[in-house]
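Engineer: Okay, handing you the structure first.
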Amino acid sequence: MYTFKNTERNNYKASQYETKSLLYLIGLRPDKKQISILAIDCFNDVTGLSSSGKLWDLQSKGEAGLTPQKIGKYLYTLYSNYDSIFKFHEFIFFMPVLKDSYLKGDVGYFYGLENFKNAEQDKVILGLSKELTRVHGVANRKKIDSFLERVVFVEDREPSHHYVKNVLDFKGKDKKSDVFYDEIFKEIRDRQVIKKTSYIEGLSILRPLDVLNFNRHIEAKDIHVLLVNRLVGIDLFSQQGIPIEFYSEAASRHLDVEDLRDLIQDCQAKISKAFFNKNSKKEFWKVLEVILGSVEENHSVSISDVFESVDLLVKKLTVLDRDSILFLSALIKEGLSK
Amino acid sequence: MKVRKIAFGNSEEAFIEDRLEGHLNIIYSDDNNKGKTLVIQGLMYSLGNEPIFPVGFEYKKYYFYVRFAVGDNIFDVVRKNTTFVVKSDDMVQIYGSISDFKQFLNGTVFNLPVVAKDGRERLVDPALFYEIFFVGQDKRDTSNIFNKGFYKNSDFIEMLFSMGESTNNVISIDQIESINADIKTKRQRVAVLKRNSARIKIDPEIGAIALANSTVGSFENRKIYISGIYDGLTELSKQRTRELNRVNKLEALVAELTSLNRSLEEGLVVCADCGSDRILYKARDVEFEVSNKAVKDSILGSIRSNIFMKNEVISDLTNQIEAKQALLTQEIKKSPPTFRDFVLFSEGLDDAKKYDEEITGLLAEIKSLEFELERGSTLSEEEKLRRRNVLLKIYEKMNAYYKMLDVNGRIEFGSLFTKKGETYSGSEEQEFFFCKALALRDFLGHNFPIVIDSFRDGEISTAKEQIMLSILSGIDNQVIVSSTLKSEEYVRDKYKKSAKINPVDYSGHKDSAILDPKHVEKFNVMLSEFNIGIVLE
């Protein structure tokens, strides 16, 4: 059995930091593909879960002037999880850039305890031991050592938009402005903050995936859909032309040039309405989700097959029709085909 | 901009030129009729130029293809008649008219200058713009631009001016008054002329005769000619209607989107007690919003700019329609000519024609004065000076190039077009075009390829040819020139391949048969992604 403790309600700056850590999990880590669920403020600030319940635990601390001893103190939540009934796959401490003088050298933005100078390593251990003693009255040095061997220290070296940009490979993503990504960052942050408003202190679960029952999680997929939505939307009506696959599909209907151009404009118009119509929000997100899912599952899926899936899974189509979904699918497929 | 590949053909025959390099390319052959001009005109045509193909070449039967690079972006363009299909970065664009294609070129590929023409500011057409770097073999005339017709020499010069920063004066109230007075006088004159012209009673049948053209052939030919104009007119009107429809739809869309947008904003929740909008949501399933401000702004912005561009296209089409209508009326007037009537009434007709011409001239002047008022500015003294300097700088460069070609040359260039009657000898004419193209390149600093068909036209001496080649191989721009060698000159390696010179020999082509069935398969593969068979018919 696992009992939630130490949940907190954050102020603005801390939430900014937690969003960065969330995006770090699904954007910068080499094993990011495995992480499909992000539990917000349950096990820890952010915890990544795979679909089979593997756990990536993350503690974030955006405090300025972080010293090794303080780090040791803040490692307490990660340690508690290490010491809990669940097996965690990874322990991550997300923090600002540390002073050079604490470290042996610059080995990149993430490293293990061994990159701290020896004296500083001792201070980390001291900080954690002190905190353990304060809370529990005892500290097991052997356990502390084997725990610290597994901790990854991650420095926050980049501005917010960098984290957003790296979540998804999409054509033309580097041409979008930082402001564009900052706005998406804020949307994710707001969502994350909302997730924390429910009250779960003292509640228990038996298996890691049971955490889903509390609805305090965000799926990585949702963030992918969000990004696809924004990336497609921002270019929808600009002079980028139409994706080849849609062009081929439309051309096979023997339309003349002018009819074809009308068709394209109609599709763009319908899709743009979906971007403005709050009432069809659910439908639009579902459609996007199905398209993204089909394309990610099989990159060479035809757009008419994508439409078949959409038609099957989305019960009632109101703002979008077959042609506009074909168009949208071709755009998304094109974007993801990097 | 670098041209990578040029091709043209159809399902029966084709030709592909993919040997071009980023520097100086010389397409040459030991005789005429090897297809050099077709390739070069094909290149320009696929880029949106007016067709200037050799007589007898039925360009309307073929697809014209070009691949070019601008910076890191690669564009493939296929043109058939007035339809363009563009592919870049796995996206396809379709354009139904040159006006439409022009909007794509501008911005996406390069910036086209804007000039005031007939009282309206408009993007120049590719045909005029390309004259800054392209010298064709046919229609050469030192006293005129190559594509006479809609544009005049003055438009070309106006375009050069608009490619720099202009400094215009804001019109003062006094000036507005004087311009208004000017317009009034001109209007009165128009009214007088119209009355006079009405007084001359012309038998409508005879109106035709005055304009009857001696070169007009048989009745059948005329019928075909006139119905051709009529078809063109119908086609243009149809296109304009389609574009108008699209604009209407887009305008309705903007209205709809903004109203949807408003209800979205109205949905903001505010605390009834303190008015704060910092209210925590407590819902089970909160999705992200359908879009955010950036996305919405971008969609609305792009639709608006689409509307703007379509209106430009519509007004271009309107111009073309008006021109065709004028032509049609003129042609219809030419109908049944009988010599007797012609002799009897020709005098009166002459007067009527004169009045008509003066009225047209006055109306154009009124339009441009009104345009000045609308724009609220006139040419300032500074601007006049700048313009003078622009021309002087270009002449200076032209003369510098001329001196490089011929130290003892007697010509002093003092204008971009020669006066009527002033003629150059064959080689001088060639030197004139060469110097002009290079001077414009230097002055504008453009990076378009320098394209000169038949660059040794008019018996340029070998020594001068050497100098031309060394100049052309020394610039950063891509250069594509062609040349026909006399049999005694022709040796297989007359132009040596080097790091700076890429000779392309066309001598092996059969006479007048550059298009060959053997290239069809490759051509089809190149064009397969464009679905041309279906879309372009």
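Here, A, B, ... name the chains of the structure tokens in the order displayed, residue numbers run from 1 inside each chain, and ligands are numbered from 1 in the same displayed order.
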Show me a table, sorted first by chain and then by increasing residue number, of the residues of chain A having an atom at most 8 Å from chain B, each with its shortest atom pair and the distance in Å to one decimal, counting only C-alpha atoms and written as CSV.
Structural biologist:
```
residue,atom,partner,partner_atom,distance
A:Phe180,CA,B:Ala294,CA,6.5
A:Glu183,CA,B:Ala294,CA,7.7
A:Glu187,CA,B:Phe288,CA,7.4
A:Arg191,CA,B:Phe288,CA,7.5
A:Ile194,CA,B:Tyr281,CA,6.7
A:Thr197,CA,B:Lys282,CA,7.4
A:Ser198,CA,B:Lys282,CA,8.0
A:Asn215,CA,B:Arg284,CA,7.5
A:Leu226,CA,B:Phe288,CA,7.3
A:Asn229,CA,B:Ser291,CA,7.5
A:Arg230,CA,B:Val295,CA,6.3
A:Gly233,CA,B:Val295,CA,5.6
A:Ile234,CA,B:Val295,CA,4.6
A:Asp235,CA,B:Ser298,CA,7.3
A:Leu236,CA,B:Ile299,CA,6.5
A:Phe237,CA,B:Ser302,CA,5.4
A:Ser238,CA,B:Ser302,CA,5.2
A:Gln239,CA,B:Phe104,CA,7.6
A:Gln240,CA,B:Met91,CA,7.0
A:Gly241,CA,B:Gln93,CA,4.5
A:Ile242,CA,B:Val92,CA,5.0
A:Pro243,CA,B:Met91,CA,4.5
A:Ile244,CA,B:Met91,CA,5.5
A:Tyr247,CA,B:Val92,CA,7.1
A:Ser248,CA,B:Asn531,CA,6.7
A:Ala251,CA,B:Val535,CA,6.1
A:Ser252,CA,B:Ile534,CA,7.1
A:His254,CA,B:Ile534,CA,6.1
A:Leu255,CA,B:Val535,CA,7.0
A:Asp256,CA,B:Val535,CA,5.9
A:Val257,CA,B:Val535,CA,6.0
A:Glu258,CA,B:Gly96,CA,6.8
A:Arg261,CA,B:Ile94,CA,7.2
A:Asp262,CA,B:Arg246,CA,7.3
A:Gln265,CA,B:Arg246,CA,7.8
A:Ala269,CA,B:Leu253,CA,6.9
A:Ser272,CA,B:Ile299,CA,7.1
A:Lys273,CA,B:Leu257,CA,6.4
A:Ala274,CA,B:Val290,CA,7.5
A:Phe275,CA,B:Val290,CA,5.5
A:Phe276,CA,B:Asn261,CA,6.0
A:Asn277,CA,B:Leu260,CA,5.9
A:Lys278,CA,B:Val290,CA,6.5
A:Lys281,CA,B:Val290,CA,5.6
A:Lys282,CA,B:Glu287,CA,7.9
A:Phe284,CA,B:Val290,CA,7.4
A:Trp285,CA,B:Val290,CA,7.5
A:Glu334,CA,B:Asp90,CA,7.7
```
Engineer: Kindly give the distance, in Å, that separates atom CA of Thr360 of chain B and atom CA of Leu193 of chain B, rounded to a single decimal.
Structural biologist: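 Those two atoms sit 10.6 Å apart.
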Engineer: Counting only C-alpha atoms, what is within 8 Å of Leu28 of chain A, bar same-chain residues fewer than 6 positions away, as a PyMOL selection string?
Structural biologist: chain A and resi 163+166-167
Engineer: How would the residues just picked look written out with N, CA and C atoms as an mmCIF file, in the first residue's frame?
Structural biologist:
```cif
data_model
loop_
_atom_site.group_PDB
_atom_site.id
_atom_site.type_symbol
_atom_site.label_atom_id
_atom_site.label_comp_id
_atom_site.auth_asym_id
_atom_site.auth_seq_id
_atom_site.Cartn_x
_atom_site.Cartn_y
_atom_site.Cartn_z
ATOM 1 N N TYR A 163 11.800 23.612 -24.065
ATOM 2 C CA TYR A 163 11.215 22.357 -23.578
ATOM 3 C C TYR A 163 9.998 21.954 -24.411
ATOM 4 N N ASN A 166 10.787 20.549 -27.994
ATOM 5 C CA ASN A 166 11.393 19.235 -28.140
ATOM 6 C C ASN A 166 10.456 18.055 -27.925
ATOM 7 N N VAL A 167 9.224 18.339 -27.576
ATOM 8 C CA VAL A 167 8.312 17.230 -27.307
ATOM 9 C C VAL A 167 7.971 16.461 -28.577
#
```
Engineer: Can you list, as a list in words, every protein, DNA or RNA residue that comes within 10 Å of segment 400-415 of chain B when you count only C-alpha atoms, leaving out same-chain residues fewer than 5 positions away?
Structural biologist: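 Everything that qualifies: Ser143, Leu391, Leu392, Ile394, Tyr395, Tyr424, Glu428, Glu431, Phe432, Phe434, Cys435, Lys436, Leu438, Ala439, Ala463, Lys464, Glu465, Gln466, Ile467, Met468 and Ile471 of chain B.
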Engineer: Enumerate the residues of segment 117-294 of chain A with a DSSP assignment of helix (DSSP H, G or I), computed from the backbone, and present them as a PyMOL selection string.
Structural biologist: chain A and resi 118-136+141-148+160-165+173-175+178-195+208-214+220-235+244-251+257-276+278-294
Engineer: Mind writing the picked residues with C-alpha atoms as a compact mmCIF listing (two decimals), in the first residue's frame?
Structural biologist:
```txt
# COMPACT_ATOMS: atom_id res chain seq x y z
CA ASN A 118 33.98 14.83 -2.93
CA ALA A 119 33.46 17.33 -0.14
CA GLU A 120 30.18 18.43 -1.70
CA GLN A 121 29.02 14.82 -2.02
CA ASP A 122 29.42 14.54 1.73
CA LYS A 123 27.26 17.64 2.20
CA VAL A 124 24.49 16.13 0.06
CA ILE A 125 24.60 13.01 2.21
CA LEU A 126 24.64 15.13 5.34
CA GLY A 127 21.60 17.13 4.22
CA LEU A 128 19.58 14.02 3.49
CA SER A 129 20.63 12.25 6.71
CA LYS A 130 19.70 15.29 8.78
CA GLU A 131 16.26 15.50 7.19
CA LEU A 132 15.68 11.78 7.69
CA THR A 133 16.71 12.01 11.29
CA ARG A 134 14.46 15.03 11.80
CA VAL A 135 11.42 13.24 10.40
CA HIS A 136 12.01 9.62 11.34
CA ARG A 141 23.71 5.33 5.64
CA LYS A 142 23.95 2.21 3.49
CA LYS A 143 20.49 2.77 2.09
CA ILE A 144 21.27 6.44 1.51
CA ASP A 145 24.37 5.52 -0.47
CA SER A 146 22.61 3.04 -2.72
CA PHE A 147 19.74 5.53 -3.22
CA LEU A 148 22.08 8.36 -4.19
CA SER A 160 10.59 27.46 -21.45
CA HIS A 161 10.01 27.35 -25.20
CA HIS A 162 12.95 25.02 -25.66
CA TYR A 163 11.22 22.36 -23.58
CA VAL A 164 7.98 22.65 -25.55
CA LYS A 165 9.73 22.54 -28.89
CA LYS A 173 8.63 23.53 -35.92
CA ASP A 174 11.90 25.43 -35.79
CA LYS A 175 10.45 28.25 -37.85
CA ASP A 178 9.53 31.55 -29.20
CA VAL A 179 6.38 33.44 -28.25
CA PHE A 180 4.32 30.79 -30.01
CA TYR A 181 5.88 28.09 -27.82
CA ASP A 182 5.72 30.20 -24.68
CA GLU A 183 1.98 30.47 -25.13
CA ILE A 184 1.66 26.69 -25.37
CA PHE A 185 3.88 26.37 -22.33
CA LYS A 186 1.44 28.51 -20.37
CA GLU A 187 -1.49 26.39 -21.50
CA ILE A 188 0.23 23.26 -20.25
CA ARG A 189 1.15 24.96 -17.00
CA ASP A 190 -2.43 26.07 -16.38
CA ARG A 191 -3.64 22.57 -17.01
CA GLN A 192 -1.05 21.23 -14.59
CA VAL A 193 -2.10 23.72 -11.92
CA ILE A 194 -5.76 22.77 -12.29
CA LYS A 195 -4.89 19.12 -11.82
CA PRO A 208 1.01 2.53 -9.49
CA LEU A 209 -1.55 2.73 -12.33
CA ASP A 210 -4.36 3.08 -9.79
CA VAL A 211 -3.29 6.71 -9.62
CA LEU A 212 -5.34 7.22 -12.79
CA ASN A 213 -8.51 7.01 -10.69
CA PHE A 214 -7.73 10.36 -9.10
CA ALA A 220 1.66 12.53 -22.97
CA LYS A 221 -0.66 11.93 -25.90
CA ASP A 222 -2.78 14.96 -24.91
CA ILE A 223 0.23 17.18 -25.07
CA HIS A 224 1.17 15.77 -28.45
CA VAL A 225 -2.33 16.47 -29.72
CA LEU A 226 -2.13 19.96 -28.28
CA LEU A 227 1.10 20.64 -30.14
CA VAL A 228 -0.20 19.20 -33.39
CA ASN A 229 -3.30 21.32 -33.05
CA ARG A 230 -1.34 24.54 -32.52
CA LEU A 231 1.24 23.77 -35.19
CA VAL A 232 -1.38 22.95 -37.80
CA GLY A 233 -3.59 25.85 -36.78
CA ILE A 234 -0.97 28.53 -37.00
CA ASP A 235 -0.22 27.69 -40.65
CA ILE A 244 0.64 16.10 -51.69
CA GLU A 245 -1.46 13.25 -50.48
CA PHE A 246 -4.59 15.34 -50.33
CA TYR A 247 -3.77 16.79 -53.71
CA SER A 248 -3.45 13.30 -55.22
CA GLU A 249 -6.66 12.12 -53.61
CA ALA A 250 -8.56 15.19 -54.81
CA ALA A 251 -7.01 15.04 -58.26
CA VAL A 257 -8.25 23.35 -61.46
CA GLU A 258 -10.83 25.86 -60.34
CA ASP A 259 -12.99 23.22 -58.65
CA LEU A 260 -9.94 21.90 -56.90
CA ARG A 261 -9.10 25.35 -55.60
CA ASP A 262 -12.63 25.77 -54.31
CA LEU A 263 -12.42 22.42 -52.57
CA ILE A 264 -9.20 23.41 -50.85
CA GLN A 265 -10.64 26.69 -49.66
CA ASP A 266 -13.72 24.91 -48.33
CA CYS A 267 -11.59 22.47 -46.36
CA GLN A 268 -9.52 25.27 -44.89
CA ALA A 269 -12.68 27.14 -43.97
CA LYS A 270 -14.21 24.16 -42.20
CA ILE A 271 -11.06 23.40 -40.28
CA SER A 272 -10.66 27.00 -39.25
CA LYS A 273 -14.18 26.95 -37.85
CA ALA A 274 -13.19 23.99 -35.72
CA PHE A 275 -10.41 26.12 -34.30
CA PHE A 276 -12.87 28.81 -33.26
CA LYS A 278 -15.88 26.16 -28.53
CA ASN A 279 -18.99 24.02 -28.77
CA SER A 280 -17.32 21.42 -30.93
CA LYS A 281 -14.27 21.21 -28.71
CA LYS A 282 -14.72 17.58 -27.75
CA GLU A 283 -15.28 16.52 -31.32
CA PHE A 284 -12.25 18.38 -32.58
CA TRP A 285 -9.92 16.98 -29.94
CA LYS A 286 -11.18 13.48 -30.54
CA VAL A 287 -10.68 13.80 -34.29
CA LEU A 288 -7.15 15.09 -33.77
CA GLU A 289 -6.43 12.31 -31.32
CA VAL A 290 -7.58 9.61 -33.72
CA ILE A 291 -5.64 11.08 -36.63
CA LEU A 292 -2.48 11.39 -34.58
CA GLY A 293 -2.93 7.90 -33.20
CA SER A 294 -3.41 6.33 -36.64
```
Engineer: Write out as a list in words the set of residues from segment 147-229 of chain A that DSSP, computed on the backbone, places in strand (DSSP E or B).
Structural biologist: Val151, Val152, Phe153, Val154, Glu155, Asp156, Ser204, Ile205, His217, Ile218 and Glu219 of chain A
Engineer: Nearest to Arg157 of chain A among A:Phe307, A:Tyr109, A:Phe116, A:Tyr24, with distances taken over only C-alpha atoms: which residue is it?
Structural biologist: A:Tyr109
